[in-house]
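Below is one structure, written out as structure tokens, with a few remarks after it.
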Amino acid sequence: MPDVTGGIAAAVVAGSIAVAGVVTGGASADAAQVANACRSWVTHDYVRITDNIRLDSCYYVTGGYVMSAQIPFENYSGAGLTYCAHALDTSNLGGPWPHDFGCTSSGDKDSWVWAGTDRPFGSRYQYWSAPQGTYVVSTGVWLNGRYLGDVQSPRTYIGAH
């Protein structure tokens with residue numbers, strides 16, 4: 001599998017922030033031991049990446065600060081796709097990624113995956129003990145190593161711990 005998570009340039013990430021549009025709302029992991037939200041909960045729809053691929057982006061926080069990335073999708077392209085996710089700090093959306101959750105491949109049509117299950121990814125990517133701050137999860141989709149597009153989850157605030 002190509003190294004797709006490191007392949008998105010900062011310009012592409014910054015450009016996709018404008019395309020996705022939703023980086024407001026969300027929940028506070030500080031207020032509850034478990035917090036999660038998806039972009040589609042705010043917009044009531046997945047983002048159309050191509051005519052036959054639609055994507056969502058979700059965060060899941062346990063224990064007040066351990067984040068993981070859930071990626072719901074609809075893939076009617078007939079091809080297996082690779083889904084990747086990383087955290088973005090909302091105070092520096094164009095800056096370096098605070099965490100790369102990794103990638104997961106799937107040939108399913110209408111399903112969801114946790115980011116970071118493909119080799120060599122795993123629990124050191126899949127789960128992130130986030131420092132205090134406000135984050136979004138940026139979820140991207142790849143076909144044969146070619147970037148197709150991405151979308152961001154709502155914001156989540158991680159409190160001091």
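Scheme for the structure tokens: letters A, B, ... for chains in order shown; per-chain residue numbers from 1; ligand numbers from 1 in order shown.
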Report task. Find the residues near A:Ile53: any atom within 9 Å, counting only C-alpha atoms, skip ones fewer than 5 places away on the same chain, and give them as a list in words. Result -> Val47, Arg48, Phe73, Glu74, Asn75, Tyr76 and Ser77 of chain A
Report task. Write out as a PyMOL selection string which residues come within 9 Å of stretch 64-69 of chain A when counting only C-alpha atoms, dropping same-chain ones fewer than 2 positions away. Result -> chain A and resi 28-35+57-62+71+84-87+101+113-116+125-132+137-139+157-161
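Atom CA of A:Thr117 to atom CA of A:Gly145 spans 16.9 Å [interatomic distance, one decimal].
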Report task. Determine the nearest neighbour of A:Trp41 from the options A:Thr156, A:Arg146, A:Trp97, A:Asp56, counting only C-alpha atoms. Result ->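 When distances to A:Trp41 are compared using only C-alpha atoms, the smallest one comes from A:Asp56.
The space separating atom CA of A:Arg39 from atom CA of A:Val151 comes to 8.2 Å.
These are the residues of stretch 32-76 of chain A assigned strand (DSSP E or B) by DSSP from backbone coordinates: A:Val34, A:Ala35, A:Asn36, A:Ala37, A:Cys38, A:Val47, A:Arg48, A:Ile49, A:Thr50, A:Ile53, A:Arg54, A:Leu55, A:Cys58, A:Tyr59, A:Tyr60, A:Val61, A:Thr62, A:Val66, A:Met67, A:Ser68, A:Ala69, A:Gln70, A:Ile71, A:Pro72, A:Phe73, A:Glu74, A:Asn75.
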